[in-house]
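Here's entry10.cif, which has mmCIF, C-alpha atoms:
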data_target
loop_
_atom_site.label_atom_id
_atom_site.label_comp_id
_atom_site.auth_asym_id
_atom_site.auth_seq_id
_atom_site.Cartn_x
_atom_site.Cartn_y
_atom_site.Cartn_z
CA MET A 1 -59.79 -18.70 33.71
CA LYS A 2 -61.46 -15.32 33.47
CA THR A 3 -58.10 -13.66 32.80
CA ALA A 4 -57.52 -15.75 29.69
CA GLU A 5 -60.53 -14.32 27.86
CA PRO A 6 -59.32 -10.69 27.75
CA ILE A 7 -55.90 -11.86 26.57
CA LYS A 8 -57.47 -13.76 23.67
CA ALA A 9 -59.65 -10.77 22.85
CA ARG A 10 -56.62 -8.44 22.88
CA ARG A 11 -54.89 -10.72 20.38
CA PHE A 12 -57.91 -11.29 18.18
CA LEU A 13 -59.13 -7.69 17.83
CA PRO A 14 -55.94 -6.33 16.19
CA PHE A 15 -55.94 -9.33 13.87
CA LEU A 16 -59.57 -8.71 12.93
CA LYS A 17 -58.92 -4.99 12.41
CA ARG A 18 -55.91 -5.65 10.18
CA PHE A 19 -57.80 -8.31 8.21
CA SER A 20 -60.80 -6.01 7.70
CA ILE A 21 -58.65 -3.10 6.56
CA SER A 22 -56.80 -5.41 4.19
CA VAL A 23 -60.05 -6.70 2.68
CA VAL A 24 -61.34 -3.15 2.14
CA ILE A 25 -58.08 -1.93 0.56
CA ILE A 26 -57.83 -4.90 -1.81
CA PHE A 27 -61.56 -4.69 -2.62
CA LEU A 28 -61.47 -1.00 -3.55
CA ILE A 29 -58.22 -1.11 -5.50
CA THR A 30 -59.35 -4.23 -7.37
CA ILE A 31 -62.52 -2.41 -8.48
CA LEU A 32 -60.36 0.48 -9.72
CA GLN A 33 -57.99 -1.87 -11.49
CA ILE A 34 -60.74 -3.79 -13.27
CA TYR A 35 -62.46 -0.61 -14.43
CA TRP A 36 -59.19 0.93 -15.56
CA ALA A 37 -58.01 -2.16 -17.43
CA MET A 38 -61.28 -3.65 -18.69
CA GLY A 39 -63.68 -0.73 -18.50
CA ILE A 40 -63.93 -0.60 -22.28
CA LEU A 41 -65.85 -3.88 -22.07
CA ALA A 42 -68.41 -2.53 -19.59
CA ASP A 43 -71.09 -2.21 -22.28
CA GLN A 44 -70.45 -5.69 -23.70
CA THR A 45 -72.84 -8.51 -22.87
CA SER A 46 -71.48 -11.34 -20.77
CA SER A 47 -71.54 -14.71 -22.51
CA SER A 48 -71.96 -16.61 -19.25
CA CYS A 49 -74.75 -14.50 -17.74
CA MET A 50 -76.78 -12.38 -20.10
CA SER A 51 -78.42 -10.39 -17.30
CA CYS A 52 -75.24 -9.75 -15.27
CA SER A 53 -73.84 -6.26 -15.46
CA PHE A 54 -70.17 -5.38 -15.52
CA LEU A 55 -70.55 -3.75 -12.10
CA ASP A 56 -72.02 -6.95 -10.62
CA ASP A 57 -69.12 -9.01 -11.94
CA THR A 58 -66.58 -6.45 -10.76
CA VAL A 59 -67.97 -6.22 -7.23
CA LEU A 60 -68.16 -10.00 -6.88
CA MET A 61 -64.62 -10.53 -8.18
CA SER A 62 -63.28 -7.75 -5.98
CA PHE A 63 -64.99 -9.07 -2.87
CA LEU A 64 -63.69 -12.61 -3.43
CA MET A 65 -60.28 -11.20 -4.21
CA GLY A 66 -60.23 -9.11 -1.03
CA ILE A 67 -61.05 -12.02 1.24
CA PHE A 68 -58.82 -14.54 -0.52
CA LEU A 69 -55.73 -12.36 -0.77
CA SER A 70 -56.13 -10.95 2.73
CA ALA A 71 -56.16 -14.49 4.07
CA VAL A 72 -53.12 -15.44 2.00
CA PHE A 73 -51.22 -12.26 2.92
CA ILE A 74 -51.72 -13.06 6.61
CA LEU A 75 -49.57 -16.13 6.03
CA PHE A 76 -46.74 -13.87 4.88
CA ASN A 77 -46.75 -11.84 8.12
CA SER A 78 -44.18 -14.19 9.59
CA VAL A 79 -41.67 -13.39 6.81
CA GLN A 80 -39.12 -11.01 8.31
CA LYS A 81 -37.52 -9.79 5.09
CA PHE A 82 -39.75 -6.94 3.96
CA PHE A 83 -38.47 -6.96 0.36
CA ILE A 84 -39.22 -10.67 -0.10
CA LYS A 85 -42.68 -10.27 1.41
CA PHE A 86 -43.35 -7.25 -0.83
CA VAL A 87 -42.26 -9.04 -4.01
CA VAL A 88 -44.17 -12.25 -3.31
CA GLU A 89 -47.38 -10.39 -2.41
CA PHE A 90 -47.02 -8.09 -5.43
CA LEU A 91 -46.50 -11.01 -7.83
CA LEU A 92 -49.44 -12.91 -6.36
CA LEU A 93 -51.65 -9.82 -6.58
CA ILE A 94 -50.81 -9.01 -10.19
CA ASN A 95 -51.17 -12.63 -11.29
CA VAL A 96 -54.65 -12.88 -9.80
CA TRP A 97 -55.60 -9.52 -11.32
CA ILE A 98 -54.39 -10.61 -14.75
CA PHE A 99 -56.36 -13.83 -14.37
CA TRP A 100 -59.54 -11.82 -13.58
CA ASN A 101 -58.88 -9.44 -16.46
CA TYR A 102 -58.39 -12.40 -18.78
CA SER A 103 -61.65 -13.93 -17.53
CA ILE A 104 -63.52 -10.69 -18.16
CA PHE A 105 -62.01 -10.35 -21.63
CA VAL A 106 -62.91 -13.91 -22.57
CA ASP A 107 -66.40 -13.58 -21.11
CA ARG A 108 -67.29 -10.24 -22.66
CA GLU A 109 -65.27 -10.04 -25.88
CA SER A 110 -63.37 -13.13 -26.94
CA SER A 111 -66.21 -15.62 -26.62
CA TRP A 112 -68.26 -13.59 -29.10
CA SER A 113 -65.45 -13.54 -31.66
CA THR A 114 -62.64 -15.63 -33.11
CA TYR A 115 -59.71 -14.92 -30.80
CA ASP A 116 -57.10 -17.58 -30.20
CA PHE A 117 -55.33 -17.97 -26.86
CA LYS A 118 -52.28 -15.98 -27.94
CA ALA A 119 -54.41 -13.03 -29.07
CA GLU A 120 -56.46 -13.19 -25.87
CA MET A 121 -53.34 -13.08 -23.71
CA TYR A 122 -51.74 -10.31 -25.77
CA THR A 123 -54.86 -8.13 -25.59
CA THR A 124 -55.37 -8.80 -21.88
CA LEU A 125 -51.74 -8.07 -21.01
CA SER A 126 -51.57 -4.94 -23.15
CA GLN A 127 -54.73 -3.53 -21.57
CA SER A 128 -53.72 -4.60 -18.07
CA PHE A 129 -50.04 -3.70 -17.86
CA PHE A 130 -50.18 -0.12 -16.52
CA PRO A 131 -53.25 -0.51 -14.29
CA VAL A 132 -51.89 -3.70 -12.73
CA VAL A 133 -48.39 -2.38 -12.08
CA ILE A 134 -49.40 1.06 -10.80
CA LEU A 135 -52.34 -0.03 -8.65
CA GLY A 136 -50.47 -3.14 -7.50
CA CYS A 137 -47.68 -0.98 -6.06
CA ILE A 138 -50.21 1.35 -4.45
CA CYS A 139 -52.11 -1.58 -2.95
CA ILE A 140 -49.04 -3.23 -1.45
CA LEU A 141 -47.78 0.11 -0.13
CA LEU A 142 -51.14 0.80 1.53
CA LEU A 143 -51.27 -2.68 3.02
CA HIS A 144 -47.84 -2.22 4.59
CA PHE A 145 -48.03 1.50 5.34
CA LYS A 146 -47.30 1.11 9.06
CA GLU A 147 -44.30 -1.14 8.41
CA ILE A 148 -42.90 1.23 5.79
CA LYS A 149 -43.47 4.25 8.01
CA GLY A 150 -41.76 2.44 10.89
CA LYS A 151 -38.74 1.56 8.74
CA PHE A 152 -38.31 5.13 7.52
CA THR A 153 -38.71 6.62 10.99
CA SER A 154 -36.17 4.21 12.44
CA PHE A 155 -33.88 4.90 9.46
CA ARG A 156 -34.03 8.67 10.02
CA LYS A 157 -33.02 8.40 13.71
#
Please re-express this file's structure in structure tokens.
Amino acid sequence: MKTAEPIKARRFLPFLKRFSISVVIIFLITILQIYWAMGILADQTSSSCMSCSFLDDTVLMSFLMGIFLSAVFILFNSVQKFFIKFVVEFLLLINVWIFWNYSIFVDRESSWSTYDFKAEMYTTLSQSFFPVVILGCICILLLHFKEIKGKFTSFRK
């Protein structure tokens, strides 16, 4: 039975390393994305928490996002088609980011004014489009760097 323990540890440590790296990548890029897309609202007061700063909200959202999406992306490791995995993860990532951007906009701008849903969505999407697309591609590429590198090296041979 003593030989089973090292085998489990050898399987668990790479998983833990990959999960941790994934959480850090998603966390950092989410902070960048939120500041790029919604940074103009950083000085606005939150309607849900008057004493909460924009940085506090951003760090909390990014941390939750990192853990949640890393856990979900682990489920996609069994998908063999890289393109399908890339597209599904990218779409999930950008949808969650747009949801967070919308939440920030409603909390810091829209709730203090007379925006309707259509105007809220238009403003959120127009402010979020470039940050979400550019940083979403970078995030997915960083998450799958080893796989991409392996495909290109095997393609070159």
Next on the checklist: Just checking: using all atoms listed in the file, which residue out of A:Ile40, A:Leu91, A:Ile29, A:Leu60 ends up closest to Phe73 (chain A)?
Outcome noted: A:Leu91
Checklist entry - So which residues get picked by the PyMOL selection byres ((chain A and resi 77-83) around 12) here, written as a list in words? => result Phe15, Arg18, Phe19, Ser70, Ala71, Val72, Phe73, Ile74, Leu75, Phe76, Ile84, Lys85, Phe86, Val87, Val88, Glu89, Phe90, Ile140, Leu141, Leu143, His144, Phe145, Glu147, Ile148, Gly150 and Lys151 of chain A
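Taking CA of Ile138 (chain A) and CA of Ile25 (chain A) as the two end points, the separation is 9.9 Å.
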Checklist entry - Once the PyMOL selection byres ((chain A and resi 127) around 12) has been applied to the shown file, what residues remain in the selection, as number ranges by chain? => result A: 33-41, 97-98, 101-102, 104-105, 120-126, 128-133
Item to check | Pick from A:Phe12, A:Trp100, A:Trp112, A:Phe117 nearest to Thr58 (chain A), counting all atoms listed in the file | outcome: A:Trp100
Take the structure in the block and write a file for region 36-67 of chain A, N, CA, C and O atoms, as an mmCIF file, in the first residue's frame.
data_model
loop_
_atom_site.group_PDB
_atom_site.id
_atom_site.type_symbol
_atom_site.label_atom_id
_atom_site.label_comp_id
_atom_site.auth_asym_id
_atom_site.auth_seq_id
_atom_site.Cartn_x
_atom_site.Cartn_y
_atom_site.Cartn_z
ATOM 1 N N TRP A 36 -9.241 48.017 -17.895
ATOM 2 C CA TRP A 36 -9.237 48.556 -19.240
ATOM 3 C C TRP A 36 -10.661 48.914 -19.677
ATOM 4 O O TRP A 36 -10.910 49.988 -20.222
ATOM 5 N N ALA A 37 -11.603 48.040 -19.428
ATOM 6 C CA ALA A 37 -12.968 48.253 -19.895
ATOM 7 C C ALA A 37 -13.755 49.220 -19.003
ATOM 8 O O ALA A 37 -14.481 50.078 -19.496
ATOM 9 N N MET A 38 -13.643 49.074 -17.696
ATOM 10 C CA MET A 38 -14.479 49.834 -16.774
ATOM 11 C C MET A 38 -13.692 50.790 -15.880
ATOM 12 O O MET A 38 -14.236 51.316 -14.912
ATOM 13 N N GLY A 39 -12.452 51.023 -16.195
ATOM 14 C CA GLY A 39 -11.609 51.883 -15.384
ATOM 15 C C GLY A 39 -12.114 53.315 -15.271
ATOM 16 O O GLY A 39 -11.815 54.004 -14.294
ATOM 17 N N ILE A 40 -12.903 53.752 -16.245
ATOM 18 C CA ILE A 40 -13.448 55.110 -16.182
ATOM 19 C C ILE A 40 -14.439 55.269 -15.029
ATOM 20 O O ILE A 40 -14.730 56.391 -14.612
ATOM 21 N N LEU A 41 -14.912 54.156 -14.505
ATOM 22 C CA LEU A 41 -15.857 54.194 -13.385
ATOM 23 C C LEU A 41 -15.174 54.019 -12.035
ATOM 24 O O LEU A 41 -15.847 53.910 -11.013
ATOM 25 N N ALA A 42 -13.845 54.011 -12.026
ATOM 26 C CA ALA A 42 -13.101 53.741 -10.794
ATOM 27 C C ALA A 42 -13.370 54.791 -9.714
ATOM 28 O O ALA A 42 -13.332 54.481 -8.524
ATOM 29 N N ASP A 43 -13.657 56.015 -10.104
ATOM 30 C CA ASP A 43 -13.903 57.076 -9.130
ATOM 31 C C ASP A 43 -15.365 57.175 -8.709
ATOM 32 O O ASP A 43 -15.695 57.934 -7.800
ATOM 33 N N GLN A 44 -16.240 56.420 -9.368
ATOM 34 C CA GLN A 44 -17.659 56.441 -9.046
ATOM 35 C C GLN A 44 -17.920 55.658 -7.755
ATOM 36 O O GLN A 44 -17.256 54.677 -7.474
ATOM 37 N N THR A 45 -18.913 56.092 -7.017
ATOM 38 C CA THR A 45 -19.304 55.400 -5.797
ATOM 39 C C THR A 45 -20.188 54.204 -6.141
ATOM 40 O O THR A 45 -21.072 54.292 -6.985
ATOM 41 N N SER A 46 -19.956 53.111 -5.461
ATOM 42 C CA SER A 46 -20.763 51.919 -5.656
ATOM 43 C C SER A 46 -22.119 52.115 -4.974
ATOM 44 O O SER A 46 -22.191 52.599 -3.854
ATOM 45 N N SER A 47 -23.184 51.706 -5.638
ATOM 46 C CA SER A 47 -24.506 51.849 -5.046
ATOM 47 C C SER A 47 -24.814 50.732 -4.056
ATOM 48 O O SER A 47 -25.679 50.878 -3.209
ATOM 49 N N SER A 48 -24.088 49.633 -4.140
ATOM 50 C CA SER A 48 -24.363 48.512 -3.242
ATOM 51 C C SER A 48 -23.497 48.544 -1.986
ATOM 52 O O SER A 48 -23.862 47.969 -0.970
ATOM 53 N N CYS A 49 -22.358 49.203 -2.056
ATOM 54 C CA CYS A 49 -21.443 49.272 -0.917
ATOM 55 C C CYS A 49 -20.718 50.607 -0.987
ATOM 56 O O CYS A 49 -19.759 50.747 -1.742
ATOM 57 N N MET A 50 -21.178 51.544 -0.221
ATOM 58 C CA MET A 50 -20.631 52.904 -0.301
ATOM 59 C C MET A 50 -19.155 52.982 0.076
ATOM 60 O O MET A 50 -18.437 53.849 -0.394
ATOM 61 N N SER A 51 -18.680 52.069 0.902
ATOM 62 C CA SER A 51 -17.288 52.135 1.341
ATOM 63 C C SER A 51 -16.360 51.225 0.523
ATOM 64 O O SER A 51 -15.156 51.204 0.763
ATOM 65 N N CYS A 52 -16.903 50.483 -0.433
ATOM 66 C CA CYS A 52 -16.081 49.575 -1.238
ATOM 67 C C CYS A 52 -15.412 50.336 -2.380
ATOM 68 O O CYS A 52 -16.065 51.096 -3.096
ATOM 69 N N SER A 53 -14.138 50.112 -2.532
ATOM 70 C CA SER A 53 -13.414 50.758 -3.620
ATOM 71 C C SER A 53 -13.500 49.910 -4.884
ATOM 72 O O SER A 53 -13.832 48.725 -4.842
ATOM 73 N N PHE A 54 -13.170 50.521 -5.982
ATOM 74 C CA PHE A 54 -13.164 49.829 -7.267
ATOM 75 C C PHE A 54 -12.136 48.698 -7.247
ATOM 76 O O PHE A 54 -12.388 47.612 -7.766
ATOM 77 N N LEU A 55 -10.998 48.940 -6.617
ATOM 78 C CA LEU A 55 -9.957 47.919 -6.510
ATOM 79 C C LEU A 55 -10.446 46.708 -5.718
ATOM 80 O O LEU A 55 -10.198 45.564 -6.109
ATOM 81 N N ASP A 56 -11.157 46.956 -4.619
ATOM 82 C CA ASP A 56 -11.697 45.841 -3.822
ATOM 83 C C ASP A 56 -12.641 44.977 -4.657
ATOM 84 O O ASP A 56 -12.553 43.749 -4.641
ATOM 85 N N ASP A 57 -13.545 45.634 -5.370
ATOM 86 C CA ASP A 57 -14.492 44.904 -6.220
ATOM 87 C C ASP A 57 -13.764 44.125 -7.314
ATOM 88 O O ASP A 57 -14.086 42.968 -7.584
ATOM 89 N N THR A 58 -12.776 44.768 -7.918
ATOM 90 C CA THR A 58 -12.033 44.133 -9.007
ATOM 91 C C THR A 58 -11.273 42.910 -8.530
ATOM 92 O O THR A 58 -11.298 41.856 -9.172
ATOM 93 N N VAL A 59 -10.596 43.028 -7.405
ATOM 94 C CA VAL A 59 -9.822 41.896 -6.880
ATOM 95 C C VAL A 59 -10.750 40.742 -6.498
ATOM 96 O O VAL A 59 -10.469 39.580 -6.812
ATOM 97 N N LEU A 60 -11.859 41.045 -5.860
ATOM 98 C CA LEU A 60 -12.804 39.991 -5.481
ATOM 99 C C LEU A 60 -13.378 39.293 -6.713
ATOM 100 O O LEU A 60 -13.407 38.058 -6.785
ATOM 101 N N MET A 61 -13.823 40.071 -7.690
ATOM 102 C CA MET A 61 -14.371 39.482 -8.910
ATOM 103 C C MET A 61 -13.326 38.643 -9.631
ATOM 104 O O MET A 61 -13.626 37.547 -10.115
ATOM 105 N N SER A 62 -12.118 39.145 -9.698
ATOM 106 C CA SER A 62 -11.051 38.435 -10.405
ATOM 107 C C SER A 62 -10.681 37.141 -9.695
ATOM 108 O O SER A 62 -10.423 36.119 -10.347
ATOM 109 N N PHE A 63 -10.643 37.163 -8.389
ATOM 110 C CA PHE A 63 -10.324 35.954 -7.626
ATOM 111 C C PHE A 63 -11.399 34.888 -7.818
ATOM 112 O O PHE A 63 -11.099 33.723 -8.101
ATOM 113 N N LEU A 64 -12.661 35.289 -7.691
ATOM 114 C CA LEU A 64 -13.762 34.346 -7.908
ATOM 115 C C LEU A 64 -13.750 33.812 -9.335
ATOM 116 O O LEU A 64 -13.968 32.615 -9.575
ATOM 117 N N MET A 65 -13.471 34.698 -10.262
ATOM 118 C CA MET A 65 -13.409 34.326 -11.669
ATOM 119 C C MET A 65 -12.290 33.325 -11.921
ATOM 120 O O MET A 65 -12.474 32.350 -12.651
ATOM 121 N N GLY A 66 -11.131 33.557 -11.318
ATOM 122 C CA GLY A 66 -9.998 32.661 -11.507
ATOM 123 C C GLY A 66 -10.292 31.261 -11.020
ATOM 124 O O GLY A 66 -10.016 30.278 -11.715
ATOM 125 N N ILE A 67 -10.857 31.150 -9.848
ATOM 126 C CA ILE A 67 -11.160 29.829 -9.293
ATOM 127 C C ILE A 67 -12.272 29.143 -10.084
ATOM 128 O O ILE A 67 -12.157 27.981 -10.452
#
